[in-house]
file structure.cif (mmCIF, C-alpha atoms (C1' of nucleotides))
data_coords
#
loop_
_atom_site.label_atom_id
_atom_site.label_comp_id
_atom_site.auth_asym_id
_atom_site.auth_seq_id
_atom_site.Cartn_x
_atom_site.Cartn_y
_atom_site.Cartn_z
CA MET B 159 0.00 0.00 0.00
CA ALA B 160 2.84 2.37 -0.60
CA LEU B 161 2.55 3.11 -4.30
CA GLU B 162 0.19 5.96 -3.49
CA HIS B 163 2.73 7.35 -1.07
CA ALA B 164 5.58 6.97 -3.53
CA ILE B 165 3.51 8.87 -6.10
CA LEU B 166 2.72 11.62 -3.59
CA VAL B 167 6.42 12.02 -2.79
CA ALA B 168 7.31 12.07 -6.49
CA LEU B 169 4.67 14.71 -7.22
CA LEU B 170 5.77 16.85 -4.29
CA GLU B 171 9.31 16.74 -5.61
CA LYS B 172 7.98 17.78 -9.02
CA PRO B 173 4.47 17.72 -10.52
CA GLY B 174 4.04 15.80 -13.75
CA SER B 175 1.91 13.56 -15.95
CA GLY B 176 1.32 9.84 -15.47
CA TYR B 177 3.64 9.15 -18.37
CA GLU B 178 6.34 11.31 -16.88
CA LEU B 179 5.97 9.61 -13.48
CA ALA B 180 6.30 6.21 -15.13
CA ARG B 181 9.62 7.34 -16.60
CA ARG B 182 10.81 8.58 -13.21
CA PHE B 183 9.87 5.22 -11.69
CA ASP B 184 12.26 3.69 -14.22
CA ARG B 185 15.06 6.06 -13.22
CA SER B 186 15.64 7.94 -10.01
CA ILE B 187 12.71 6.50 -8.09
CA GLY B 188 13.55 3.09 -9.56
CA TYR B 189 16.29 2.42 -7.05
CA PHE B 190 13.75 2.03 -4.27
CA TRP B 191 10.40 1.46 -5.98
CA THR B 192 9.17 0.18 -9.32
CA ALA B 193 5.81 0.60 -11.05
CA THR B 194 4.52 0.29 -14.59
CA HIS B 195 2.51 2.95 -16.35
CA GLN B 196 -0.67 0.86 -16.11
CA GLN B 197 -0.41 0.78 -12.36
CA ILE B 198 0.38 4.47 -12.13
CA TYR B 199 -2.56 5.54 -14.31
CA ARG B 200 -4.99 3.46 -12.29
CA VAL B 201 -3.77 4.67 -8.91
CA LEU B 202 -3.59 8.27 -10.14
CA LYS B 203 -7.24 8.08 -11.19
CA ARG B 204 -8.27 6.76 -7.78
CA MET B 205 -6.22 9.39 -6.02
CA GLU B 206 -7.88 12.05 -8.14
CA GLY B 207 -11.29 10.70 -7.15
CA ASP B 208 -10.29 10.81 -3.51
CA GLY B 209 -9.09 14.39 -3.83
CA TRP B 210 -5.47 13.59 -3.02
CA VAL B 211 -4.17 15.14 -6.25
CA ASP B 212 -5.23 17.98 -8.54
CA VAL B 213 -5.24 17.68 -12.30
CA LEU B 214 -4.56 20.29 -14.93
CA GLU B 215 -5.17 19.37 -18.56
CA VAL B 216 -2.39 20.78 -20.66
CA ALA B 217 -2.73 21.09 -24.44
CA GLN B 218 0.54 20.74 -26.29
CA GLN B 219 1.53 21.42 -29.86
CA ALA B 220 3.05 18.56 -31.84
CA ARG B 221 2.36 16.23 -28.90
CA PRO B 222 -0.67 14.59 -27.34
CA ASP B 223 -2.43 16.51 -24.59
CA LYS B 224 -1.36 15.58 -21.09
CA LYS B 225 -2.72 15.78 -17.59
CA GLU B 226 -0.42 17.41 -15.14
CA TYR B 227 -0.89 16.13 -11.61
CA SER B 228 0.06 17.89 -8.40
CA VAL B 229 -0.53 17.11 -4.74
CA ALA B 230 -3.70 18.52 -3.17
CA PRO B 231 -3.89 19.50 0.53
CA ALA B 232 -5.72 16.24 1.32
CA GLY B 233 -2.88 14.28 -0.27
CA ARG B 234 -0.36 16.14 1.81
CA SER B 235 -2.09 15.21 5.04
CA VAL B 236 -2.49 11.59 3.96
CA LEU B 237 1.26 11.46 3.34
CA SER B 238 2.02 13.19 6.61
CA ALA B 239 -0.16 10.73 8.55
CA TRP B 240 1.56 7.79 6.85
CA LEU B 241 4.99 9.20 7.65
CA HIS B 242 4.10 9.24 11.32
CA GLU B 243 2.87 5.68 11.59
CA PRO B 244 5.36 2.83 11.87
CA ILE B 245 5.88 0.36 9.04
CA GLN B 246 7.38 -3.09 9.28
CA PRO B 247 10.77 -3.82 7.72
CA ASP B 248 10.42 -4.94 4.11
CA SER B 249 10.65 -8.65 3.50
CA VAL B 250 13.06 -9.86 0.86
CA ARG B 251 12.29 -11.93 -2.21
CA HIS B 252 15.26 -13.17 -4.17
CA GLU B 253 14.19 -15.46 -6.98
CA LEU B 254 17.83 -16.12 -7.82
CA ALA B 255 18.45 -17.48 -4.32
CA VAL B 256 15.64 -20.00 -4.85
CA LYS B 257 17.40 -21.10 -8.02
CA ILE B 258 20.74 -21.40 -6.28
CA ARG B 259 19.38 -23.66 -3.58
CA GLY B 260 17.43 -25.57 -6.21
CA ALA B 261 20.59 -26.16 -8.24
CA ALA B 262 21.62 -28.78 -5.67
CA PHE B 263 18.96 -31.04 -7.21
CA ASP B 264 20.00 -30.32 -10.78
CA ASP B 265 23.26 -29.24 -12.40
CA PRO B 266 24.98 -26.45 -10.44
CA ALA B 267 27.31 -25.64 -13.33
CA ALA B 268 24.33 -24.85 -15.56
CA LEU B 269 23.63 -21.83 -13.35
CA ILE B 270 26.95 -20.12 -14.01
CA LEU B 271 25.85 -18.30 -17.17
CA GLU B 272 22.67 -17.12 -15.48
CA VAL B 273 24.53 -15.77 -12.46
CA GLU B 274 27.01 -14.01 -14.74
CA ARG B 275 24.10 -12.37 -16.54
CA HIS B 276 22.74 -11.06 -13.25
CA HIS B 277 26.22 -9.85 -12.31
CA ARG B 278 26.41 -7.81 -15.50
CA ALA B 279 22.91 -6.37 -14.98
CA HIS B 280 23.79 -5.22 -11.45
CA ALA B 281 27.13 -3.79 -12.64
CA ASP B 282 25.24 -1.74 -15.23
CA ARG B 283 22.83 -0.49 -12.61
CA LEU B 284 25.69 0.51 -10.33
CA THR B 285 27.36 2.43 -13.16
CA HIS B 286 24.10 4.22 -13.80
CA TYR B 287 23.65 5.15 -10.13
CA LEU B 288 27.23 6.38 -9.83
CA ALA B 289 26.79 8.55 -12.91
CA GLY B 290 23.64 10.00 -11.34
CA GLU B 291 25.44 10.70 -8.09
CA LEU B 292 28.25 12.50 -9.89
CA ARG B 293 25.78 14.51 -11.96
CA ASP B 294 23.38 15.49 -9.16
CA PHE B 295 25.33 15.43 -5.93
CA THR B 296 29.09 15.41 -6.14
CA GLY B 297 29.86 16.97 -9.53
CA VAL B 298 31.06 20.53 -10.07
CA ASP B 299 27.66 21.64 -11.35
CA ALA B 300 25.83 20.22 -8.37
CA PRO B 301 24.65 22.98 -6.04
CA ALA B 302 25.82 23.01 -2.42
CA ALA B 303 23.73 20.52 -0.50
CA ASP B 304 22.08 22.90 1.93
CA ASP B 305 18.51 21.78 1.56
CA ALA B 306 16.99 18.82 3.31
CA GLY B 307 15.35 17.39 0.20
CA ARG B 308 18.63 17.00 -1.64
CA GLU B 309 20.37 15.46 1.36
CA LEU B 310 17.59 12.93 1.75
CA GLN B 311 17.56 12.09 -1.95
CA HIS B 312 21.29 11.58 -1.75
CA VAL B 313 21.17 9.24 1.24
CA VAL B 314 18.55 7.11 -0.53
CA LEU B 315 20.77 6.98 -3.62
CA ARG B 316 23.70 5.95 -1.45
CA GLY B 317 21.46 3.08 -0.26
CA GLY B 318 20.92 1.99 -3.86
CA ILE B 319 24.66 2.13 -4.50
CA ALA B 320 25.44 0.13 -1.36
CA TYR B 321 22.84 -2.45 -2.36
CA GLU B 322 24.34 -2.92 -5.82
CA ARG B 323 27.90 -3.16 -4.48
CA MET B 324 26.86 -5.74 -1.89
CA THR B 325 24.97 -7.70 -4.53
CA LEU B 326 27.95 -7.71 -6.91
CA ALA B 327 30.26 -9.02 -4.18
CA TRP B 328 27.75 -11.72 -3.26
CA LEU B 329 27.23 -12.81 -6.87
CA GLN B 330 31.00 -13.17 -7.17
CA ASP B 331 30.92 -15.37 -4.06
CA VAL B 332 28.17 -17.43 -5.72
CA LEU B 333 30.22 -17.79 -8.91
CA ASP B 334 33.30 -18.91 -6.96
CA THR B 335 31.19 -21.49 -5.15
CA LEU B 336 29.66 -22.79 -8.38
CA HIS B 337 33.08 -23.08 -10.01
CA ARG B 338 34.45 -24.97 -7.03
CA LEU B 339 31.51 -27.40 -7.22
CA ALA B 340 31.95 -27.84 -10.97
CA GLU B 341 35.59 -28.91 -10.55
CA ARG B 342 34.71 -31.95 -8.50
CA MET Z 99 5.55 -17.22 -10.05
CA ALA Z 100 8.29 -18.52 -7.83
CA LEU Z 101 6.47 -19.58 -4.69
CA GLU Z 102 5.79 -22.96 -6.27
CA HIS Z 103 9.45 -23.31 -7.04
CA ALA Z 104 10.49 -22.25 -3.55
CA ILE Z 105 8.13 -24.89 -2.16
CA LEU Z 106 9.54 -27.55 -4.48
CA VAL Z 107 13.09 -26.74 -3.36
CA ALA Z 108 12.04 -26.78 0.30
CA LEU Z 109 10.32 -30.14 -0.10
CA LEU Z 110 13.30 -31.62 -1.94
CA GLU Z 111 15.54 -30.52 0.92
CA LYS Z 112 13.13 -32.16 3.35
CA PRO Z 113 9.49 -33.32 2.95
CA GLY Z 114 7.00 -31.87 5.41
CA SER Z 115 3.50 -30.56 6.10
CA GLY Z 116 2.11 -27.18 5.07
CA TYR Z 117 2.39 -26.00 8.65
CA GLU Z 118 5.98 -27.10 8.83
CA LEU Z 119 6.80 -25.37 5.54
CA ALA Z 120 5.23 -22.17 6.85
CA ARG Z 121 7.59 -22.30 9.81
CA ARG Z 122 10.57 -22.87 7.54
CA PHE Z 123 9.50 -19.86 5.46
CA ASP Z 124 9.78 -17.88 8.69
CA ARG Z 125 13.28 -19.16 9.33
CA SER Z 126 15.89 -20.54 6.99
CA ILE Z 127 13.97 -19.96 3.76
CA GLY Z 128 12.91 -16.59 5.19
CA TYR Z 129 16.16 -14.92 4.26
CA PHE Z 130 15.30 -15.11 0.59
CA TRP Z 131 11.57 -15.72 0.40
CA THR Z 132 8.53 -15.15 2.62
CA ALA Z 133 5.07 -16.73 2.54
CA THR Z 134 2.19 -17.09 4.96
CA HIS Z 135 0.52 -20.38 5.79
CA GLN Z 136 -2.63 -19.36 3.87
CA GLN Z 137 -0.62 -18.91 0.71
CA ILE Z 138 1.28 -22.13 1.22
CA TYR Z 139 -1.85 -24.22 1.79
CA ARG Z 140 -3.51 -22.81 -1.31
CA VAL Z 141 -0.50 -23.36 -3.57
CA LEU Z 142 0.16 -26.80 -2.10
CA LYS Z 143 -3.39 -27.84 -2.94
CA ARG Z 144 -3.02 -26.64 -6.51
CA MET Z 145 0.34 -28.38 -6.85
CA GLU Z 146 -1.23 -31.58 -5.56
CA GLY Z 147 -3.98 -31.29 -8.18
CA ASP Z 148 -1.34 -30.78 -10.87
CA GLY Z 149 0.57 -33.85 -9.71
CA TRP Z 150 3.69 -31.90 -8.73
CA VAL Z 151 3.66 -33.22 -5.15
CA ASP Z 152 2.57 -36.41 -3.40
CA VAL Z 153 0.65 -36.42 -0.14
CA LEU Z 154 0.76 -38.87 2.71
CA GLU Z 155 -1.77 -38.47 5.53
CA VAL Z 156 -0.06 -39.11 8.82
CA ALA Z 157 -2.09 -39.78 11.98
CA GLN Z 158 -0.40 -38.53 15.14
CA GLN Z 159 -1.11 -39.08 18.81
CA ALA Z 160 -1.71 -36.04 20.98
CA ARG Z 161 -1.54 -33.86 17.86
CA PRO Z 162 -3.78 -33.15 14.88
CA ASP Z 163 -3.29 -35.33 11.85
CA LYS Z 164 -1.06 -33.86 9.21
CA LYS Z 165 -0.41 -34.22 5.52
CA GLU Z 166 3.16 -34.88 4.61
CA TYR Z 167 4.08 -33.54 1.19
CA SER Z 168 6.95 -34.69 -1.00
CA VAL Z 169 8.00 -33.85 -4.55
CA ALA Z 170 6.56 -36.05 -7.32
CA PRO Z 171 8.51 -36.75 -10.55
CA ALA Z 172 6.38 -34.19 -12.42
CA GLY Z 173 7.36 -31.56 -9.83
CA ARG Z 174 10.99 -32.38 -10.27
CA SER Z 175 10.85 -31.80 -14.01
CA VAL Z 176 8.90 -28.56 -13.57
CA LEU Z 177 11.64 -27.34 -11.23
CA SER Z 178 14.38 -28.48 -13.57
CA ALA Z 179 12.78 -26.70 -16.52
CA TRP Z 180 12.47 -23.49 -14.48
CA LEU Z 181 16.10 -23.71 -13.39
CA HIS Z 182 17.18 -23.73 -17.02
CA GLU Z 183 15.21 -20.71 -18.16
CA PRO Z 184 16.51 -17.22 -17.44
CA ILE Z 185 14.82 -14.91 -14.94
CA GLN Z 186 15.16 -11.17 -14.72
CA PRO Z 187 16.95 -9.55 -11.78
CA ASP Z 188 14.57 -8.84 -8.91
CA SER Z 189 13.38 -5.27 -8.54
CA VAL Z 190 13.65 -3.62 -5.16
CA ARG Z 191 10.90 -2.15 -3.05
CA HIS Z 192 11.99 -0.25 0.01
CA GLU Z 193 9.06 1.35 1.75
CA LEU Z 194 11.41 3.01 4.21
CA ALA Z 195 13.19 4.79 1.35
CA VAL Z 196 9.87 6.28 0.25
CA LYS Z 197 9.44 7.59 3.78
CA ILE Z 198 12.93 9.04 3.85
CA ARG Z 199 12.42 11.01 0.67
CA GLY Z 200 8.95 11.98 1.88
CA ALA Z 201 10.39 13.33 5.13
CA ALA Z 202 11.67 16.35 3.18
CA PHE Z 203 8.05 17.55 3.06
CA ASP Z 204 7.40 16.87 6.73
CA ASP Z 205 9.62 16.72 9.80
CA PRO Z 206 12.84 14.77 9.13
CA ALA Z 207 13.59 14.48 12.86
CA ALA Z 208 10.32 12.61 13.40
CA LEU Z 209 11.75 9.73 11.36
CA ILE Z 210 14.67 9.07 13.70
CA LEU Z 211 12.80 6.74 16.05
CA GLU Z 212 11.37 4.78 13.14
CA VAL Z 213 14.76 4.33 11.50
CA GLU Z 214 16.22 3.24 14.84
CA ARG Z 215 13.47 0.65 15.14
CA HIS Z 216 14.36 -0.73 11.71
CA HIS Z 217 18.03 -0.74 12.67
CA ARG Z 218 17.27 -2.89 15.71
CA ALA Z 219 15.09 -5.27 13.67
CA HIS Z 220 17.88 -5.80 11.13
CA ALA Z 221 20.48 -6.22 13.88
CA ASP Z 222 18.29 -8.96 15.40
CA ARG Z 223 17.98 -10.68 12.07
CA LEU Z 224 21.73 -10.55 11.55
CA THR Z 225 22.34 -12.08 14.97
CA HIS Z 226 19.90 -14.83 14.11
CA TYR Z 227 21.60 -15.54 10.78
CA LEU Z 228 25.05 -15.59 12.33
CA ALA Z 229 23.87 -18.04 14.99
CA GLY Z 230 22.50 -20.24 12.23
CA GLU Z 231 25.76 -20.09 10.32
CA LEU Z 232 27.75 -21.07 13.40
CA ARG Z 233 25.35 -23.91 14.16
CA ASP Z 234 25.04 -25.34 10.65
CA PHE Z 235 28.17 -24.40 8.75
CA THR Z 236 31.17 -23.27 10.74
CA GLY Z 237 30.67 -24.77 14.21
CA VAL Z 238 32.51 -27.79 15.57
CA ASP Z 239 29.45 -30.02 15.15
CA ALA Z 240 28.94 -28.98 11.53
CA PRO Z 241 29.89 -31.81 9.18
CA ALA Z 242 32.59 -31.22 6.58
CA ALA Z 243 31.04 -29.33 3.69
CA ASP Z 244 31.59 -31.90 0.99
CA ASP Z 245 28.13 -31.95 -0.50
CA ALA Z 246 26.81 -29.46 -3.02
CA GLY Z 247 23.52 -28.87 -1.20
CA ARG Z 248 25.22 -27.64 1.93
CA GLU Z 249 27.62 -25.40 0.04
CA LEU Z 250 24.75 -23.81 -1.87
CA GLN Z 251 22.68 -23.33 1.28
CA HIS Z 252 25.68 -21.69 2.86
CA VAL Z 253 26.31 -19.27 0.00
CA VAL Z 254 22.65 -18.19 0.12
CA LEU Z 255 22.93 -17.65 3.87
CA ARG Z 256 26.08 -15.58 3.29
CA GLY Z 257 23.93 -13.48 0.95
CA GLY Z 258 21.41 -12.89 3.73
CA ILE Z 259 24.21 -11.94 6.11
CA ALA Z 260 25.76 -9.54 3.58
CA TYR Z 261 22.36 -7.98 2.98
CA GLU Z 262 21.76 -7.35 6.68
CA ARG Z 263 25.24 -5.91 7.21
CA MET Z 264 24.85 -3.58 4.24
CA THR Z 265 21.42 -2.51 5.47
CA LEU Z 266 22.73 -1.79 8.99
CA ALA Z 267 25.53 0.39 7.62
CA TRP Z 268 23.10 2.25 5.38
CA LEU Z 269 20.59 2.82 8.20
CA GLN Z 270 23.43 4.30 10.24
CA ASP Z 271 24.19 6.61 7.32
CA VAL Z 272 20.50 7.60 7.27
CA LEU Z 273 20.54 8.29 11.02
CA ASP Z 274 23.65 10.45 10.72
CA THR Z 275 22.00 12.40 7.91
CA LEU Z 276 18.78 12.90 9.88
CA HIS Z 277 20.72 14.09 12.94
CA ARG Z 278 22.69 16.55 10.84
CA LEU Z 279 19.46 17.93 9.41
CA ALA Z 280 17.85 18.17 12.85
CA GLU Z 281 20.69 20.32 14.14
CA ARG Z 282 20.03 23.12 11.67
"C1'" DG Y 126 8.88 3.35 -44.45
"C1'" DC Y 127 10.25 1.98 -39.63
"C1'" DT Y 128 11.30 2.86 -35.08
"C1'" DT Y 129 11.20 5.67 -31.05
"C1'" DG Y 130 8.99 8.91 -28.02
"C1'" DC Y 131 4.90 11.03 -26.14
"C1'" DA Y 132 0.51 10.19 -24.03
"C1'" DT Y 133 -3.51 7.75 -22.54
"C1'" DG Y 134 -6.03 3.90 -21.19
"C1'" DT Y 135 -8.90 -1.25 -20.63
"C1'" DA Y 136 -9.22 -6.05 -19.20
"C1'" DA Y 137 -7.99 -10.47 -17.57
"C1'" DG Y 138 -5.64 -13.03 -14.59
"C1'" DA Y 139 -2.07 -14.16 -11.21
"C1'" DG Y 140 -0.29 -13.37 -6.79
"C1'" DG Y 141 -0.45 -11.80 -2.04
"C1'" DT Y 142 -2.52 -9.97 2.43
"C1'" DT Y 143 -5.80 -9.83 6.20
"C1'" DA Y 144 -9.45 -11.47 8.73
"C1'" DC Y 145 -12.09 -15.21 10.29
"C1'" DA Y 146 -12.78 -20.06 11.89
"C1'" DT Y 147 -11.94 -24.50 14.50
"C1'" DG Y 148 -10.09 -27.62 17.94
"C1'" DA Y 149 -6.89 -30.36 20.84
"C1'" DT Y 150 -2.73 -30.27 23.88
"C1'" DT Y 151 1.05 -28.55 26.59
"C1'" DC Y 152 3.42 -25.33 29.53
"C1'" DG Y 153 3.69 -21.83 32.96
"C1'" DC S 261 -6.70 -20.44 33.62
"C1'" DG S 262 -4.56 -18.36 29.79
"C1'" DA S 263 -1.27 -18.45 26.19
"C1'" DA S 264 1.31 -20.80 22.86
"C1'" DT S 265 1.96 -24.72 19.64
"C1'" DC S 266 0.26 -27.88 16.27
"C1'" DA S 267 -2.63 -28.31 12.25
"C1'" DT S 268 -5.87 -27.15 8.69
"C1'" DG S 269 -8.50 -24.29 5.99
"C1'" DT S 270 -12.20 -20.35 3.68
"C1'" DA S 271 -13.38 -15.74 1.95
"C1'" DA S 272 -12.81 -11.16 0.72
"C1'" DC S 273 -10.03 -7.97 -0.86
"C1'" DC S 274 -6.12 -5.58 -2.68
"C1'" DT S 275 -2.18 -5.31 -5.67
"C1'" DC S 276 0.58 -6.30 -9.56
"C1'" DT S 277 1.68 -8.14 -14.09
"C1'" DT S 278 0.83 -8.98 -18.92
"C1'" DA S 279 -1.43 -8.32 -23.02
"C1'" DC S 280 -4.06 -5.47 -25.89
"C1'" DA S 281 -5.41 -0.90 -27.94
"C1'" DT S 282 -4.91 3.85 -30.11
"C1'" DG S 283 -2.74 7.74 -32.48
"C1'" DC S 284 0.39 11.52 -33.82
"C1'" DA S 285 5.15 13.43 -34.76
"C1'" DA S 286 10.08 13.30 -35.36
"C1'" DG S 287 14.25 11.30 -36.85
"C1'" DC S 288 16.88 7.85 -39.52
#

call {"tool": "encode", "arguments": {"input": "structure.cif", "output": "structure tokens"}}
result
Amino acid sequence: MALEHAILVALLEKPGSGYELARRFDRSIGYFWTATHQQIYRVLKRMEGDGWVDVLEVAQQARPDKKEYSVAPAGRSVLSAWLHEPIQPDSVRHELAVKIRGAAFDDPAALILEVERHHRAHADRLTHYLAGELRDFTGVDAPAADDAGRELQHVVLRGGIAYERMTLAWLQDVLDTLHRLAER
Amino acid sequence: MALEHAILVALLEKPGSGYELARRFDRSIGYFWTATHQQIYRVLKRMEGDGWVDVLEVAQQARPDKKEYSVAPAGRSVLSAWLHEPIQPDSVRHELAVKIRGAAFDDPAALILEVERHHRAHADRLTHYLAGELRDFTGVDAPAADDAGRELQHVVLRGGIAYERMTLAWLQDVLDTLHRLAER
DNA sequence: GCTTGCATGTAAGAGGTTACATGATTCG
DNA sequence: CGAATCATGTAACCTCTTACATGCAAGC
């Protein structure tokens, strides 16, 4: 039940259309939450009905019209209330770990290519995050971090970076283990 | 679509009842997959109908009867087929990160207690994992790790441990950031 | 002429959570 | 005497994914 809240935060950071939000959920917001455009449109419509967001239809030239959403006062208080109630720590779901334990009943060596693929995907993600950090937070063009919003965005990004680094190290551990098993 | 596969792996490691599986999903399997007993019973029933698992009704004294499930040949080939097809890297969902970015539009200091609570929960989980590692893999009673199953279980556990350590370090980073913001 | 980007949606189905329901036994 | 453990399930609801659907404009 946090997609609504993620959307409220995203719209507070910067109002935008459903399409634009979907793109942000693939980028900056993507390192802590994912959502497809279908999901976003549906939830946005419900939130509009509940008065949590305001809509402004914007006509554009050479492009389809769009609906620009922004957070309404009711949405702000919903978010504030949620921020003040405790949530329980997220539970993990690692499909790859299921496969790794399952490999004991099949051919462990057959998993090597798959694990290498995941390693590459996480390395790419890390590169992408680091580029974002340089661009937005530690580069020469980045403004001095004197506002709370930027600091908080940065600490969340650092979490994404730490997650990817940890994952890469672990996948290397998995590969070493699989190679050792294959040599027997 | 991986709960079935997680159940198949769990039953291959050791046959058991739905209740018993639910407990395992709270413990050892819990560091890479979670499921409630309701979910497990429903899926187990469907898997039984599809011939993926066999059932043996066991009468017990001083305890309710139970159904002991084990993997049928059809289940084994379903698992094997799944192991050989690629999956895409899991996407993350960190509710706490949504809160942290949302705190910019509320009171960042109010989040400190919540983050501390999460820190304690992850520290507890880490302690629990480390105890399990000592007991099952590195303790004096632990048998020499010469079988593939044990090695693979261990590398998955190491993943859980690495995840908790990374999370603890990041939560400390978050706390430091929140304290710095509160001082302004 | 084909692909990509912008922009919106519907519909079906799979997966997951929460609440409710029952009943015996053991331990403090 | 109350709580926890063992053991199974139903029902309602919410959430998420996947596939389908449309249409214009810009760039290659």

call {"tool": "resolve_selection", "arguments": {"input": "structure.cif", "expression": "the PyMOL selection byres ((chain Z) within 6 of (chain B))", "output": "ChimeraX atom specification"}}
result
/Z:104,107,130-131,190-192,196,199-200,202,246-247,250-251,257,268

call {"tool": "interface_residues", "arguments": {"input": "structure.cif", "of": "chain Y", "to": "chain Z", "cutoff": "9 Å", "atoms": "all atoms listed in the file", "output": "number ranges by chain"}}
result
Y: 139-142, 148-150

call {"tool": "write_last_selection", "arguments": {"input": "structure.cif", "atoms": "C-alpha atoms (C1' of nucleotides)", "output": "JSON list (two decimals), in the frame of the given file"}}
result
[["chain", "number", "residue", "atom", "x", "y", "z"],
["Y", 139, "DA", "C1'", -2.07, -14.16, -11.21],
["Y", 140, "DG", "C1'", -0.29, -13.37, -6.79],
["Y", 141, "DG", "C1'", -0.45, -11.80, -2.04],
["Y", 142, "DT", "C1'", -2.52, -9.97, 2.43],
["Y", 148, "DG", "C1'", -10.09, -27.62, 17.94],
["Y", 149, "DA", "C1'", -6.89, -30.36, 20.84],
["Y", 150, "DT", "C1'", -2.73, -30.27, 23.88]]

call {"tool": "interface_residues", "arguments": {"input": "structure.cif", "of": "chain S", "to": "chain Z", "cutoff": "9 Å", "atoms": "all atoms listed in the file", "output": "list in words"}}
result
DC266, DA267, DT268 and DG269 of chain S

call {"tool": "resolve_selection", "arguments": {"input": "structure.cif", "expression": "the PyMOL selection byres ((chain S and resi 279) around 12)", "output": "list in words"}}
result
Gln196 of chain B; DT135, DA136, DA137 and DG138 of chain Y; DT277, DT278, DC280 and DA281 of chain S

call {"tool": "atom_distance", "arguments": {"input": "structure.cif", "atom1": "atom CA of Leu214 of chain B", "atom2": "atom C1' of DA286 of chain S"}}
result
26.1 Å

call {"tool": "resolve_selection", "arguments": {"input": "structure.cif", "expression": "the PyMOL selection byres ((chain S and resi 288) around 12)", "output": "PDB file with C-alpha atoms (C1' of nucleotides), in the coordinates of the input"}}
result
ATOM      1  C1'  DG Y 126       8.880   3.350 -44.450  1.00  0.00           C
ATOM      2  C1'  DC Y 127      10.250   1.980 -39.630  1.00  0.00           C
ATOM      3  C1'  DT Y 128      11.300   2.860 -35.080  1.00  0.00           C
ATOM      4  C1'  DT Y 129      11.200   5.670 -31.050  1.00  0.00           C
TER       5       DT Y 129
ATOM      6  C1'  DA S 286      10.080  13.300 -35.360  1.00  0.00           C
ATOM      7  C1'  DG S 287      14.250  11.300 -36.850  1.00  0.00           C
TER       8       DG S 287
END

call {"tool": "build_atoms", "arguments": {"input": "structure.cif", "residues": "segment 177-189 of chain Z", "atoms": "N, CA and C atoms", "output": "PDB file, in the frame of the given file"}}
result
ATOM      1  N   LEU Z 177      10.572 -28.113 -11.865  1.00  0.00           N
ATOM      2  CA  LEU Z 177      11.640 -27.340 -11.230  1.00  0.00           C
ATOM      3  C   LEU Z 177      12.861 -27.280 -12.140  1.00  0.00           C
ATOM      4  N   SER Z 178      13.208 -28.425 -12.700  1.00  0.00           N
ATOM      5  CA  SER Z 178      14.380 -28.480 -13.570  1.00  0.00           C
ATOM      6  C   SER Z 178      14.222 -27.561 -14.777  1.00  0.00           C
ATOM      7  N   ALA Z 179      13.029 -27.570 -15.367  1.00  0.00           N
ATOM      8  CA  ALA Z 179      12.780 -26.700 -16.520  1.00  0.00           C
ATOM      9  C   ALA Z 179      12.933 -25.231 -16.114  1.00  0.00           C
ATOM     10  N   TRP Z 180      12.397 -24.886 -14.956  1.00  0.00           N
ATOM     11  CA  TRP Z 180      12.470 -23.490 -14.480  1.00  0.00           C
ATOM     12  C   TRP Z 180      13.915 -23.078 -14.219  1.00  0.00           C
ATOM     13  N   LEU Z 181      14.700 -24.015 -13.677  1.00  0.00           N
ATOM     14  CA  LEU Z 181      16.100 -23.710 -13.390  1.00  0.00           C
ATOM     15  C   LEU Z 181      16.884 -23.386 -14.655  1.00  0.00           C
ATOM     16  N   HIS Z 182      16.431 -23.935 -15.777  1.00  0.00           N
ATOM     17  CA  HIS Z 182      17.180 -23.730 -17.020  1.00  0.00           C
ATOM     18  C   HIS Z 182      16.695 -22.541 -17.830  1.00  0.00           C
ATOM     19  N   GLU Z 183      15.609 -21.896 -17.403  1.00  0.00           N
ATOM     20  CA  GLU Z 183      15.210 -20.710 -18.160  1.00  0.00           C
ATOM     21  C   GLU Z 183      15.622 -19.465 -17.378  1.00  0.00           C
ATOM     22  N   PRO Z 184      16.012 -18.420 -18.118  1.00  0.00           N
ATOM     23  CA  PRO Z 184      16.510 -17.220 -17.440  1.00  0.00           C
ATOM     24  C   PRO Z 184      15.403 -16.447 -16.727  1.00  0.00           C
ATOM     25  N   ILE Z 185      15.748 -15.801 -15.634  1.00  0.00           N
ATOM     26  CA  ILE Z 185      14.820 -14.910 -14.940  1.00  0.00           C
ATOM     27  C   ILE Z 185      15.434 -13.510 -14.953  1.00  0.00           C
ATOM     28  N   GLN Z 186      14.578 -12.505 -14.758  1.00  0.00           N
ATOM     29  CA  GLN Z 186      15.160 -11.170 -14.720  1.00  0.00           C
ATOM     30  C   GLN Z 186      15.470 -10.762 -13.293  1.00  0.00           C
ATOM     31  N   PRO Z 187      16.537  -9.969 -13.125  1.00  0.00           N
ATOM     32  CA  PRO Z 187      16.950  -9.550 -11.780  1.00  0.00           C
ATOM     33  C   PRO Z 187      15.778  -8.949 -11.007  1.00  0.00           C
ATOM     34  N   ASP Z 188      15.662  -9.323  -9.744  1.00  0.00           N
ATOM     35  CA  ASP Z 188      14.570  -8.840  -8.910  1.00  0.00           C
ATOM     36  C   ASP Z 188      14.616  -7.328  -8.758  1.00  0.00           C
ATOM     37  N   SER Z 189      13.432  -6.708  -8.782  1.00  0.00           N
ATOM     38  CA  SER Z 189      13.380  -5.270  -8.540  1.00  0.00           C
ATOM     39  C   SER Z 189      13.150  -5.030  -7.049  1.00  0.00           C
TER      40      SER Z 189
END
